[in-house]
Amino acid sequence: MLMEEEKTAHCQRPTENGTGESGDSHGRLNMYACCSVLVASIISVLYGYVIAVMTGAIIFIKEDFGISDIKVQMLAGILHMSSLPSCIASGRTSDYIGRRQAIILTSTTFLLGSILMCYGSSYPILMIGHSISGIGAGFSLIVGPVYSAEISPPSYRGLLTSFLEVSANLGILLGYMSNYFFGKLSLNLGWRFMMGAHAIPSLALVILMLNLVESPRWLVMQGRVGEARKVLLLVSNTKEEAEQRLKEIKATVGIDENCTQDIVQVPKKTRSGGGAMKEMFCKPSPVVRRILISAIGVHVFQQISGVGAVMLYCPRIFQRTGITDKSNMLLATVGLGVSKIICAFISIFMLDRIGRRILLLISSGGMVVALLGMAISLTIVENTKEKLAWAITFTIVVTYVYVAFMTIGMGTVTWVYSSEIFPLRLRAQGLAVCVAVNRIIDMTMVTSFISIYKMITMGGTFFLLTGINALAWWFYYFLPETKGRSLEEMETIFGKNNKSEKQINKA
């Protein structure tokens, strides 16, 4: 007991090194925090891979099993269907068992799904395997961002949490590469290697996470303040910074800032996340309501912008301009995937320099211009019987521009922003609600895109998307900036905006 008190006192001694705002050392990036986030980002690689690999694998599965197109659609769609309930469940699960254990559970789910898909001897086994992978996909969209946001220091949180978006795009590219290389094997082996390849990184992630630390914010929620202090000393550059961050977290949870006990009794609701849904939807405070609207809003506009449909149906879009050669269409599509990775990588260095809100405004503004160009070009093509060479080049270029602007802003900022603005007691379950909304809208856009453009033409569809993205720009304009602020300050930031609005209304 005496040794524990000496360690606690040692942790609380101030150092000569200064810290920045909110106890954050701005001088250098903490390498332990960086490595922890990089390891957790593997979960997003797995997500991107399972989403993309089915694109090519389903061709070989259909030929090998001789299944109908309806069964093909069911097999492809079961992943998205099973990810919806797991999105909601993942928030409460990570509150109950911890962020680190939730990532281990998710990677284990991916591992089980890949094994069943790889050795699947019948169509029902494939359906079960892919649905299990869908559960992992739903969990990965929550547990990765929450862990990364809670382990990162404020001044580098945008940089570190945006690794997840880069990792997801890397996984997508690896899925396409897997289709290409394993497609050269025999029919019976090719698709099995495609569906089973991610078992290796899944197992590696389990092993790596077992050697990493738990989220310090979750530990404080459990009353394990002593353990949280040790973690913060690892992920902070100075002892003063660690103590300041711990003090802010304790204040958020409702623990006395001056309490020096290593184990503190906290309410059961705080430990398990109970009452979070009721607080958000039944009787939310003005601050919580504003946070919820902002978080759900960025996810709604990310998917309703049309990026999912454009990425999935870009061969059809290029075909409308006059491209008939399949290899040229696929080459243009691969180029989109490469450009997404490049732009996602660029965005991680811009988040903490330019800010979340500014990037969203730049992104949506650029997308409006690109979509307007696509709409005009496709309208001209659809009303002209002749093949227009300029339209082919112009449409491909503006499509690349559209995807680039989307990736730099909406694609990356949406996940960073929504994972950081919720109060600690609501974070996991609040983000789960956002991701569920994200998945529902994505499915709606993807499944209705063809029907819509057949009703109002391809050009008319892009005019509609132009208007939607203009509305998104207006929504982003009123969002508070969170760059460089600690997670514990978010309620204050959104509270200030509410007070300002009330003063304006009174005036």
# chains A, B, ... in the order shown; residues from 1 in each chain; ligands from 1
$ residues_around --residues "Arg439 of chain A" --least-positions-apart "2" --cutoff "9 Å" --atoms "only C-alpha atoms" --output "ChimeraX atom specification"
/A:80,83-84,87,138,303,434-437,441-444
$ write_last_selection --atoms "N, CA, C and O atoms" --output "mmCIF file, in the first residue's frame"
data_model
loop_
_atom_site.group_PDB
_atom_site.id
_atom_site.type_symbol
_atom_site.label_atom_id
_atom_site.label_comp_id
_atom_site.auth_asym_id
_atom_site.auth_seq_id
_atom_site.Cartn_x
_atom_site.Cartn_y
_atom_site.Cartn_z
ATOM 1 N N HIS A 80 -23.838 -6.098 -45.366
ATOM 2 C CA HIS A 80 -24.376 -4.799 -44.948
ATOM 3 C C HIS A 80 -25.551 -4.974 -43.984
ATOM 4 O O HIS A 80 -25.708 -4.192 -43.039
ATOM 5 N N SER A 83 -24.282 -5.834 -40.551
ATOM 6 C CA SER A 83 -23.488 -4.765 -39.927
ATOM 7 C C SER A 83 -24.357 -3.736 -39.223
ATOM 8 O O SER A 83 -23.899 -3.055 -38.299
ATOM 9 N N LEU A 84 -25.633 -3.620 -39.639
ATOM 10 C CA LEU A 84 -26.520 -2.614 -39.026
ATOM 11 C C LEU A 84 -26.788 -2.872 -37.549
ATOM 12 O O LEU A 84 -26.560 -1.993 -36.709
ATOM 13 N N CYS A 87 -23.679 -2.397 -35.381
ATOM 14 C CA CYS A 87 -23.287 -1.005 -35.133
ATOM 15 C C CYS A 87 -23.859 -0.508 -33.816
ATOM 16 O O CYS A 87 -23.157 0.109 -33.004
ATOM 17 N N GLY A 138 -19.469 -4.005 -38.777
ATOM 18 C CA GLY A 138 -20.241 -3.047 -37.996
ATOM 19 C C GLY A 138 -19.507 -2.606 -36.743
ATOM 20 O O GLY A 138 -19.456 -1.420 -36.413
ATOM 21 N N GLN A 303 -22.883 10.329 -46.818
ATOM 22 C CA GLN A 303 -23.410 9.283 -47.687
ATOM 23 C C GLN A 303 -24.405 9.806 -48.714
ATOM 24 O O GLN A 303 -24.449 9.322 -49.844
ATOM 25 N N CYS A 434 -24.712 7.067 -35.047
ATOM 26 C CA CYS A 434 -24.268 7.760 -36.266
ATOM 27 C C CYS A 434 -23.897 6.774 -37.366
ATOM 28 O O CYS A 434 -24.258 6.955 -38.532
ATOM 29 N N VAL A 435 -23.159 5.736 -36.993
ATOM 30 C CA VAL A 435 -22.717 4.752 -37.988
ATOM 31 C C VAL A 435 -23.902 3.957 -38.533
ATOM 32 O O VAL A 435 -23.941 3.617 -39.721
ATOM 33 N N ALA A 436 -24.877 3.650 -37.682
ATOM 34 C CA ALA A 436 -26.075 2.953 -38.159
ATOM 35 C C ALA A 436 -26.801 3.800 -39.195
ATOM 36 O O ALA A 436 -27.238 3.287 -40.242
ATOM 37 N N VAL A 437 -26.928 5.096 -38.927
ATOM 38 C CA VAL A 437 -27.536 6.012 -39.899
ATOM 39 C C VAL A 437 -26.709 6.039 -41.185
ATOM 40 O O VAL A 437 -27.244 6.014 -42.306
ATOM 41 N N ILE A 441 -28.207 4.892 -44.942
ATOM 42 C CA ILE A 441 -28.240 5.814 -46.087
ATOM 43 C C ILE A 441 -27.366 5.290 -47.214
ATOM 44 O O ILE A 441 -27.717 5.402 -48.394
ATOM 45 N N ASP A 442 -26.221 4.693 -46.870
ATOM 46 C CA ASP A 442 -25.344 4.122 -47.895
ATOM 47 C C ASP A 442 -26.069 3.041 -48.676
ATOM 48 O O ASP A 442 -26.032 3.003 -49.912
ATOM 49 N N MET A 443 -26.754 2.132 -47.954
ATOM 50 C CA MET A 443 -27.512 1.078 -48.618
ATOM 51 C C MET A 443 -28.617 1.661 -49.495
ATOM 52 O O MET A 443 -28.842 1.201 -50.621
ATOM 53 N N THR A 444 -29.284 2.696 -48.998
ATOM 54 C CA THR A 444 -30.368 3.331 -49.753
ATOM 55 C C THR A 444 -29.856 3.958 -51.041
ATOM 56 O O THR A 444 -30.460 3.798 -52.115
#
$ residues_around --residues "Gly409 of chain A" --least-positions-apart "3" --cutoff "6 Å" --atoms "only C-alpha atoms" --output "list of chain:residue names"
A:Leu359, A:Leu360, A:Ser363, A:Met406, A:Thr412, A:Val413
$ write_last_selection --atoms "all heavy atoms" --output "short mmCIF file (atom, residue, chain, number, x, y, z; two decimals), in the first residue's frame"
data_model
loop_
_atom_site.label_atom_id
_atom_site.label_comp_id
_atom_site.auth_asym_id
_atom_site.auth_seq_id
_atom_site.Cartn_x
_atom_site.Cartn_y
_atom_site.Cartn_z
N LEU A 359 -12.01 22.22 -43.57
CA LEU A 359 -11.85 21.11 -44.52
C LEU A 359 -13.20 20.65 -45.07
O LEU A 359 -13.32 20.33 -46.26
CB LEU A 359 -11.12 19.94 -43.87
CG LEU A 359 -9.59 19.94 -43.92
CD1 LEU A 359 -9.05 18.70 -43.25
CD2 LEU A 359 -9.09 20.03 -45.34
N LEU A 360 -14.21 20.60 -44.20
CA LEU A 360 -15.55 20.21 -44.65
C LEU A 360 -16.11 21.22 -45.65
O LEU A 360 -16.74 20.84 -46.65
CB LEU A 360 -16.49 20.07 -43.46
CG LEU A 360 -16.30 18.84 -42.58
CD1 LEU A 360 -17.16 18.94 -41.32
CD2 LEU A 360 -16.63 17.56 -43.33
N SER A 363 -14.17 20.80 -48.90
CA SER A 363 -14.56 19.54 -49.51
C SER A 363 -15.92 19.63 -50.20
O SER A 363 -16.06 19.31 -51.39
CB SER A 363 -14.61 18.44 -48.44
OG SER A 363 -15.10 17.22 -48.96
N MET A 406 -13.91 14.81 -51.91
CA MET A 406 -14.67 14.07 -50.92
C MET A 406 -13.74 13.41 -49.89
O MET A 406 -13.99 13.47 -48.68
CB MET A 406 -15.49 12.98 -51.64
CG MET A 406 -16.59 12.36 -50.78
SD MET A 406 -15.97 11.05 -49.71
CE MET A 406 -17.36 10.80 -48.66
N THR A 412 -12.75 11.82 -44.49
CA THR A 412 -11.91 11.69 -43.29
C THR A 412 -12.50 12.42 -42.10
O THR A 412 -12.59 11.86 -41.00
CB THR A 412 -10.50 12.24 -43.58
OG1 THR A 412 -9.94 11.56 -44.70
CG2 THR A 412 -9.60 12.06 -42.38
N VAL A 413 -12.92 13.67 -42.29
CA VAL A 413 -13.36 14.51 -41.18
C VAL A 413 -14.61 13.95 -40.50
O VAL A 413 -14.77 14.05 -39.28
CB VAL A 413 -13.62 15.96 -41.66
CG1 VAL A 413 -14.14 16.82 -40.52
CG2 VAL A 413 -12.35 16.56 -42.23
#
$ residues_around --residues "Leu105 of chain A" --least-positions-apart "4" --cutoff "9 Å" --atoms "only C-alpha atoms" --output "ChimeraX atom specification"
/A:100-101,109-110,136,139,206
$ closest_residue --among "A:Ile115, A:Ile42, A:Ile346, A:Leu187" --to "Lys62 of chain A" --atoms "only C-alpha atoms"
A:Leu187
$ atom_distance --atom1 "atom CA of Ile376 of chain A" --atom2 "atom CA of Val298 of chain A"
27.0 Å
$ residues_around --residues "Gly366 of chain A" --least-positions-apart "2" --cutoff "8 Å" --atoms "only C-alpha atoms" --output "PyMOL selection string"
chain A and resi 362-364+368-370+401-402+405
$ residues_around --residues "Leu75 of chain A" --least-positions-apart "3" --cutoff "6 Å" --atoms "only C-alpha atoms" --output "NGL selection string"
:A and (72 or 78 or 127)
$ write_last_selection --atoms "all heavy atoms" --output "short mmCIF file (atom, residue, chain, number, x, y, z; two decimals), in the first residue's frame"
data_model
loop_
_atom_site.label_atom_id
_atom_site.label_comp_id
_atom_site.auth_asym_id
_atom_site.auth_seq_id
_atom_site.Cartn_x
_atom_site.Cartn_y
_atom_site.Cartn_z
N VAL A 72 -26.70 -14.39 -55.46
CA VAL A 72 -25.51 -13.54 -55.51
C VAL A 72 -25.77 -12.25 -54.75
O VAL A 72 -24.96 -11.79 -53.93
CB VAL A 72 -25.10 -13.25 -56.96
CG1 VAL A 72 -24.08 -12.11 -57.03
CG2 VAL A 72 -24.53 -14.49 -57.63
N ILE A 78 -25.75 -9.54 -47.45
CA ILE A 78 -25.82 -9.99 -46.06
C ILE A 78 -24.78 -9.30 -45.20
O ILE A 78 -24.97 -9.10 -43.99
CB ILE A 78 -25.65 -11.54 -45.98
CG1 ILE A 78 -26.05 -12.06 -44.59
CG2 ILE A 78 -24.23 -11.95 -46.31
CD1 ILE A 78 -27.50 -11.94 -44.28
N MET A 127 -23.03 -17.93 -46.56
CA MET A 127 -23.91 -16.90 -46.02
C MET A 127 -23.61 -16.65 -44.53
O MET A 127 -23.54 -15.49 -44.09
CB MET A 127 -25.37 -17.31 -46.19
CG MET A 127 -25.89 -17.24 -47.62
SD MET A 127 -26.13 -15.53 -48.18
CE MET A 127 -27.60 -15.07 -47.24
#
